[in-house]
Each structure stands twice: as C-alpha cells, then as structure tokens.
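Inspection log for the structure reproduced underneath, given as structure tokens.
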Amino acid sequence: MHSNKDGNNWLGTIAKPLLEHLPALYPIEEWDVAMDARIEGLSTSLITEGSPEQLPYGLAIKAGLFLLNESLDKSHDISQEITNPTGSYWHALMHRMEGDYSNAKYWFNDVGHHPIYSNLIQFVRDNLSLKDFMELDNEALRHKLEVLVTSPVWNPYVFIDVIEIQVSLVQNPTVDSWLRQIQRSEMQLLLQFCYEQSCGGSLLEAIGQK
C-alpha cells in the first residue's frame with residue numbers, strides 16, 4: 001500500500017467521491033467534468049509505485065474511475081488496450097452502459113469467471129429477493145430477475161438482459177434503483193480488485209471506508 005501521503009491524495013480526491021457516486025445504467029454525459037480532468041492527470045506510475053509489471057492494473061484503475069464518472073469514451077480508450085480479463089471486464093461494462101448489449105456480452109466472454117463474481121452474487125442475494133419483484137407487470141423482466149437472483153453464480157449475461165429490458169422498455173424507477181445499486185457494487189468490487197493487484201492492501205481501508 002502507498003505510504004507516501006501525497007501519493008495517497010488521489011484516493012481522497014478522486015476514488016472516494018466516485019465510489020460513493022451511483023452511476024446511471026445508460027449515462028448520457030460524464031457526471032463531473034472537473035473529475036475527468038483529475039483522472040486524466042493521475043499518473044499510473046503513482047498508482048503502481050513505479051512497478052512496470054503492475055501497469056495493466058494501474059491502467060485498469062483509471063479505466064474504472066472514468067467509468068464511475070460516466071465518462072464512457074475515455075474509459076474505453078484505456079480498457080481496449082488492456083489485454084487481461086480485468087481490462088475486458090471494464091471494456092464490457094463500458095459497452096453495457098452505452099447500450100451496446102451484444103458487444104458487452106462479447107467482451108464478457110473474454111472475462112471468464114472473474115474473482116469478484118462470488119462477492120457480487122452475494123451482494124445481490126443480500127439486497128434482492130424473489131418477493132421484491134413478483135408483482136412486476138413485465139413478464140420478461142420478472143423472469144430475468146428471478147434467474148439473476150436464484151443463479152448459483154453471478155451471471156453477467158442475464159444482468160445485461162435485465163438492464164436492456166429496463167432501459168429500452170420498462171423504465172421502472174424502483175427497478176432502476178435496484179440495478180444501479182448492483183452495478184455500483186460490481187464497479188466497486190472491480191476497482192478494489194484492481195487496487196489489490198496494483199497496490200496491495202484494501203482500497204476501502206485506504207480511503208477510510210472500512
């Protein structure tokens with residue numbers, strides 16, 4: 001973990017507010033223009049403490065920060081250059097958020113079974129149950145949510161289907177809130193994973209959330 005006080009500054013000024021932000025399922029523009037500038041100025045060598053073998057995860061952190069700021073193109077510029085499964089994960093999330101759902105599924109094929117999946121499915125089970133959506137009018141959405149919640153493992157393809165139905169057809173405010181909470185947990189877990197791989201230690205501890 002970073003010991004340099006100045007080196008930790010990005011955690012408080014960039015990572016902390018973004019981890020508290022609730023990104024849209026289908027963002028139209030970046031959340032905070034000034035935040036984009038701060039992320040652009042963040043040196044990957046600062047994140048990784050100058051370790052070249054950790055560069056892909058330093059880049060992945062920047063891709064994730066841009067995506068949390070709903071800055072899709074800038075996130076994409078970085079994630080498409082990262083050749084490991086975590087880079088493919090950020091790439092898939094970007095396409096999902098831009099509404100290119102088939103392309104998102106394509107990139108999830110490259111992800112495989114990511115280490116964050118077990119924590120992500122646990123978050124879903126802790127926050128959603130079958131009774132929450134049994135009375136939804138849209139049968140397709142209800143069915144997909146049932147599959148998502150009852151699946152023994154996290155299924156990113158079903159989550160894409162749920163988001164597509166919600167964004168394109170249903171636009172139910174309650175469902176939107178559920179899905180955005182899951183999406184934020186997914187992005188938080190992935191950013192934490194990148195931090196562990198590039199810096200060591202806990203991201204939440206580093207920003208004082210744990």
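Chain lettering (A, B, ...) mirrors the order of the structure tokens, residue numbering begins at 1 for each chain separately, and ligand numbering begins at 1 in order of display.
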**Item:** Distance query Gln80 of chain A at most 9 Å, only C-alpha atoms, self and fewer than 5 positions along chain excluded, as an MDAnalysis selection string
**Value:** chainID A and resid 75 87:88 90:91
Generate the output file for the selected residues, N, CA and C atoms, as an mmCIF file, in the first residue's frame.
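The result, written out as part_12.cif:
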```cif
data_model
loop_
_atom_site.group_PDB
_atom_site.id
_atom_site.type_symbol
_atom_site.label_atom_id
_atom_site.label_comp_id
_atom_site.auth_asym_id
_atom_site.auth_seq_id
_atom_site.Cartn_x
_atom_site.Cartn_y
_atom_site.Cartn_z
ATOM 1 N N SER A 75 -12.954 6.014 -20.745
ATOM 2 C CA SER A 75 -12.743 4.694 -20.157
ATOM 3 C C SER A 75 -12.424 3.679 -21.250
ATOM 4 N N GLY A 87 -9.211 -6.002 -17.750
ATOM 5 C CA GLY A 87 -9.384 -4.988 -18.785
ATOM 6 C C GLY A 87 -10.611 -5.285 -19.638
ATOM 7 N N SER A 88 -10.814 -6.575 -19.958
ATOM 8 C CA SER A 88 -12.002 -6.965 -20.722
ATOM 9 C C SER A 88 -13.277 -6.691 -19.927
ATOM 10 N N TRP A 90 -13.800 -4.181 -17.699
ATOM 11 C CA TRP A 90 -14.117 -2.745 -17.828
ATOM 12 C C TRP A 90 -14.623 -2.427 -19.239
ATOM 13 N N HIS A 91 -14.041 -3.095 -20.225
ATOM 14 C CA HIS A 91 -14.459 -2.912 -21.614
ATOM 15 C C HIS A 91 -15.926 -3.340 -21.776
#
```
Ser198 of chain A: which residues within 12 Å, counting only C-alpha atoms, same-chain residues fewer than 5 positions away excluded, as number ranges by chain? A: 1-2, 44-62, 191-193, 203
Considering only C-alpha atoms, can you say which of A:Arg38, A:Met94, A:Asn172, A:Phe66 comes closest to Leu136 of chain A?
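That would be A:Asn172, the residue with the smallest distance to Leu136 of chain A.
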Who sits within 7 Å of Ala92 of chain A, only C-alpha atoms, same chain under 4 positions skipped, as an MDAnalysis selection string: chainID A and resid 88 96 104:105 107:108
Expected file contents, prior selection, all heavy atoms, as an mmCIF file, in the first residue's frame:
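New file part-v9.cif:
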```cif
data_model
loop_
_atom_site.group_PDB
_atom_site.id
_atom_site.type_symbol
_atom_site.label_atom_id
_atom_site.label_comp_id
_atom_site.auth_asym_id
_atom_site.auth_seq_id
_atom_site.Cartn_x
_atom_site.Cartn_y
_atom_site.Cartn_z
ATOM 1 N N SER A 88 -10.814 -6.575 -19.958
ATOM 2 C CA SER A 88 -12.002 -6.965 -20.722
ATOM 3 C C SER A 88 -13.277 -6.691 -19.927
ATOM 4 O O SER A 88 -14.316 -6.359 -20.518
ATOM 5 C CB SER A 88 -11.922 -8.447 -21.090
ATOM 6 O OG SER A 88 -10.845 -8.694 -21.974
ATOM 7 N N ARG A 96 -21.869 -2.061 -22.100
ATOM 8 C CA ARG A 96 -23.202 -2.229 -21.483
ATOM 9 C C ARG A 96 -23.820 -0.874 -21.156
ATOM 10 O O ARG A 96 -25.005 -0.642 -21.394
ATOM 11 C CB ARG A 96 -23.078 -3.079 -20.207
ATOM 12 C CG ARG A 96 -24.404 -3.554 -19.642
ATOM 13 C CD ARG A 96 -24.199 -4.352 -18.374
ATOM 14 N NE ARG A 96 -23.832 -3.493 -17.248
ATOM 15 C CZ ARG A 96 -23.249 -3.931 -16.132
ATOM 16 N NH1 ARG A 96 -22.925 -5.203 -16.002
ATOM 17 N NH2 ARG A 96 -22.982 -3.093 -15.158
ATOM 18 N N ALA A 104 -21.204 -5.968 -25.285
ATOM 19 C CA ALA A 104 -20.879 -6.211 -23.874
ATOM 20 C C ALA A 104 -20.760 -7.710 -23.612
ATOM 21 O O ALA A 104 -19.828 -8.168 -22.934
ATOM 22 C CB ALA A 104 -21.942 -5.594 -22.981
ATOM 23 N N LYS A 105 -21.690 -8.491 -24.157
ATOM 24 C CA LYS A 105 -21.632 -9.948 -23.967
ATOM 25 C C LYS A 105 -20.385 -10.537 -24.610
ATOM 26 O O LYS A 105 -19.762 -11.460 -24.065
ATOM 27 C CB LYS A 105 -22.892 -10.594 -24.541
ATOM 28 C CG LYS A 105 -24.142 -10.301 -23.733
ATOM 29 C CD LYS A 105 -25.379 -10.959 -24.333
ATOM 30 C CE LYS A 105 -26.618 -10.683 -23.493
ATOM 31 N NZ LYS A 105 -27.832 -11.334 -24.046
ATOM 32 N N TRP A 107 -17.459 -9.156 -24.877
ATOM 33 C CA TRP A 107 -16.294 -8.922 -24.030
ATOM 34 C C TRP A 107 -16.361 -9.707 -22.733
ATOM 35 O O TRP A 107 -15.319 -10.083 -22.176
ATOM 36 C CB TRP A 107 -16.106 -7.421 -23.785
ATOM 37 C CG TRP A 107 -15.515 -6.782 -25.001
ATOM 38 C CD1 TRP A 107 -16.157 -6.065 -25.970
ATOM 39 C CD2 TRP A 107 -14.148 -6.880 -25.422
ATOM 40 N NE1 TRP A 107 -15.289 -5.703 -26.969
ATOM 41 C CE2 TRP A 107 -14.045 -6.189 -26.653
ATOM 42 C CE3 TRP A 107 -13.019 -7.472 -24.883
ATOM 43 C CZ2 TRP A 107 -12.845 -6.085 -27.345
ATOM 44 C CZ3 TRP A 107 -11.812 -7.361 -25.563
ATOM 45 C CH2 TRP A 107 -11.743 -6.674 -26.777
ATOM 46 N N PHE A 108 -17.576 -10.011 -22.256
ATOM 47 C CA PHE A 108 -17.666 -10.868 -21.072
ATOM 48 C C PHE A 108 -17.189 -12.281 -21.371
ATOM 49 O O PHE A 108 -16.768 -13.000 -20.459
ATOM 50 C CB PHE A 108 -19.088 -10.877 -20.508
ATOM 51 C CG PHE A 108 -19.310 -9.819 -19.456
ATOM 52 C CD1 PHE A 108 -20.213 -8.781 -19.658
ATOM 53 C CD2 PHE A 108 -18.628 -9.858 -18.243
ATOM 54 C CE1 PHE A 108 -20.412 -7.805 -18.691
ATOM 55 C CE2 PHE A 108 -18.817 -8.889 -17.271
ATOM 56 C CZ PHE A 108 -19.712 -7.862 -17.497
#
```
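Using only C-alpha atoms, the residues found no farther than 10 Å from Met134 of chain A, other than those of its own chain fewer than 3 positions away, are Ser129, Leu130, Lys131, Asp137, Glu139, Arg142, His143, Leu145 and Glu146 of chain A.
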Would you mind exporting the chosen residues as a JSON list (two decimals), in the first residue's frame, restricted to all heavy atoms?
```json
[["chain", "number", "residue", "atom", "x", "y", "z"],
["A", 129, "SER", "N", -34.70, -10.18, -3.27],
["A", 129, "SER", "CA", -35.29, -11.50, -3.13],
["A", 129, "SER", "C", -36.45, -11.63, -4.10],
["A", 129, "SER", "O", -36.93, -10.64, -4.66],
["A", 129, "SER", "CB", -35.77, -11.73, -1.70],
["A", 129, "SER", "OG", -36.83, -10.84, -1.39],
["A", 130, "LEU", "N", -36.93, -12.83, -4.31],
["A", 130, "LEU", "CA", -37.99, -13.08, -5.28],
["A", 130, "LEU", "C", -39.24, -12.26, -4.99],
["A", 130, "LEU", "O", -39.89, -11.76, -5.91],
["A", 130, "LEU", "CB", -38.33, -14.57, -5.30],
["A", 130, "LEU", "CG", -37.26, -15.52, -5.85],
["A", 130, "LEU", "CD1", -37.70, -16.97, -5.70],
["A", 130, "LEU", "CD2", -36.95, -15.21, -7.30],
["A", 131, "LYS", "N", -39.54, -12.08, -3.72],
["A", 131, "LYS", "CA", -40.77, -11.35, -3.36],
["A", 131, "LYS", "C", -40.71, -9.88, -3.77],
["A", 131, "LYS", "O", -41.74, -9.23, -3.92],
["A", 131, "LYS", "CB", -41.07, -11.47, -1.87],
["A", 131, "LYS", "CG", -40.02, -10.89, -0.95],
["A", 131, "LYS", "CD", -40.41, -11.06, 0.51],
["A", 131, "LYS", "CE", -39.32, -10.61, 1.45],
["A", 131, "LYS", "NZ", -38.81, -9.25, 1.21],
["A", 137, "ASP", "N", -45.11, -5.92, -13.72],
["A", 137, "ASP", "CA", -46.02, -6.18, -14.84],
["A", 137, "ASP", "C", -45.33, -6.87, -16.01],
["A", 137, "ASP", "O", -45.94, -7.67, -16.71],
["A", 137, "ASP", "CB", -46.62, -4.85, -15.34],
["A", 137, "ASP", "CG", -47.58, -4.24, -14.33],
["A", 137, "ASP", "OD1", -48.14, -5.01, -13.52],
["A", 137, "ASP", "OD2", -47.74, -3.01, -14.34],
["A", 139, "GLU", "N", -43.41, -9.48, -17.80],
["A", 139, "GLU", "CA", -43.09, -10.88, -17.52],
["A", 139, "GLU", "C", -41.63, -11.20, -17.84],
["A", 139, "GLU", "O", -40.96, -11.93, -17.09],
["A", 139, "GLU", "CB", -44.01, -11.80, -18.32],
["A", 139, "GLU", "CG", -43.79, -13.28, -18.02],
["A", 139, "GLU", "CD", -44.76, -14.18, -18.78],
["A", 139, "GLU", "OE1", -45.71, -13.65, -19.39],
["A", 139, "GLU", "OE2", -44.55, -15.40, -18.77],
["A", 142, "ARG", "N", -39.42, -9.76, -15.11],
["A", 142, "ARG", "CA", -39.59, -10.54, -13.88],
["A", 142, "ARG", "C", -38.85, -11.88, -13.96],
["A", 142, "ARG", "O", -38.16, -12.28, -13.02],
["A", 142, "ARG", "CB", -41.09, -10.78, -13.64],
["A", 142, "ARG", "CG", -41.40, -11.42, -12.28],
["A", 142, "ARG", "CD", -42.89, -11.42, -12.00],
["A", 142, "ARG", "NE", -43.63, -12.25, -12.94],
["A", 142, "ARG", "CZ", -44.49, -11.78, -13.85],
["A", 142, "ARG", "NH1", -44.70, -10.47, -13.96],
["A", 142, "ARG", "NH2", -45.12, -12.59, -14.67],
["A", 143, "HIS", "N", -38.96, -12.54, -15.11],
["A", 143, "HIS", "CA", -38.28, -13.83, -15.29],
["A", 143, "HIS", "C", -36.76, -13.68, -15.21],
["A", 143, "HIS", "O", -36.09, -14.46, -14.53],
["A", 143, "HIS", "CB", -38.68, -14.44, -16.63],
["A", 143, "HIS", "CG", -37.87, -15.65, -16.99],
["A", 143, "HIS", "ND1", -37.97, -16.85, -16.31],
["A", 143, "HIS", "CD2", -36.91, -15.84, -17.96],
["A", 143, "HIS", "CE1", -37.13, -17.73, -16.83],
["A", 143, "HIS", "NE2", -36.48, -17.14, -17.83],
["A", 145, "LEU", "N", -35.04, -11.35, -13.72],
["A", 145, "LEU", "CA", -34.65, -11.03, -12.35],
["A", 145, "LEU", "C", -34.67, -12.29, -11.47],
["A", 145, "LEU", "O", -33.80, -12.47, -10.62],
["A", 145, "LEU", "CB", -35.58, -9.96, -11.76],
["A", 145, "LEU", "CG", -35.30, -8.53, -12.21],
["A", 145, "LEU", "CD1", -36.46, -7.62, -11.85],
["A", 145, "LEU", "CD2", -34.02, -8.00, -11.59],
["A", 146, "GLU", "N", -35.65, -13.15, -11.70],
["A", 146, "GLU", "CA", -35.70, -14.42, -10.95],
["A", 146, "GLU", "C", -34.46, -15.26, -11.22],
["A", 146, "GLU", "O", -33.85, -15.82, -10.31],
["A", 146, "GLU", "CB", -36.96, -15.20, -11.34],
["A", 146, "GLU", "CG", -38.25, -14.61, -10.82],
["A", 146, "GLU", "CD", -39.48, -15.32, -11.37],
["A", 146, "GLU", "OE1", -39.32, -16.33, -12.09],
["A", 146, "GLU", "OE2", -40.61, -14.88, -11.07]]
```
Among A:Ala206, A:Gln188, A:Lys144, A:Ile121, Leu18 of chain A is approached most closely, using only C-alpha atoms, by A:Gln188
Checklist entry - If you measure from atom CA of Glu29 of chain A to atom CA of Asn69 of chain A, what distance in Å do you get, rounded to one decimal? => result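 Between atom CA of Glu29 of chain A and atom CA of Asn69 of chain A the gap works out to 9.1 Å.
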Item to complete: Please provide the set of residues having any atom within 8 Å of Leu148 of chain A, restricted to only C-alpha atoms, with same-chain residues fewer than 5 positions apart removed, written as an NGL selection string.
Response: :A and (154-155 or 158-159)
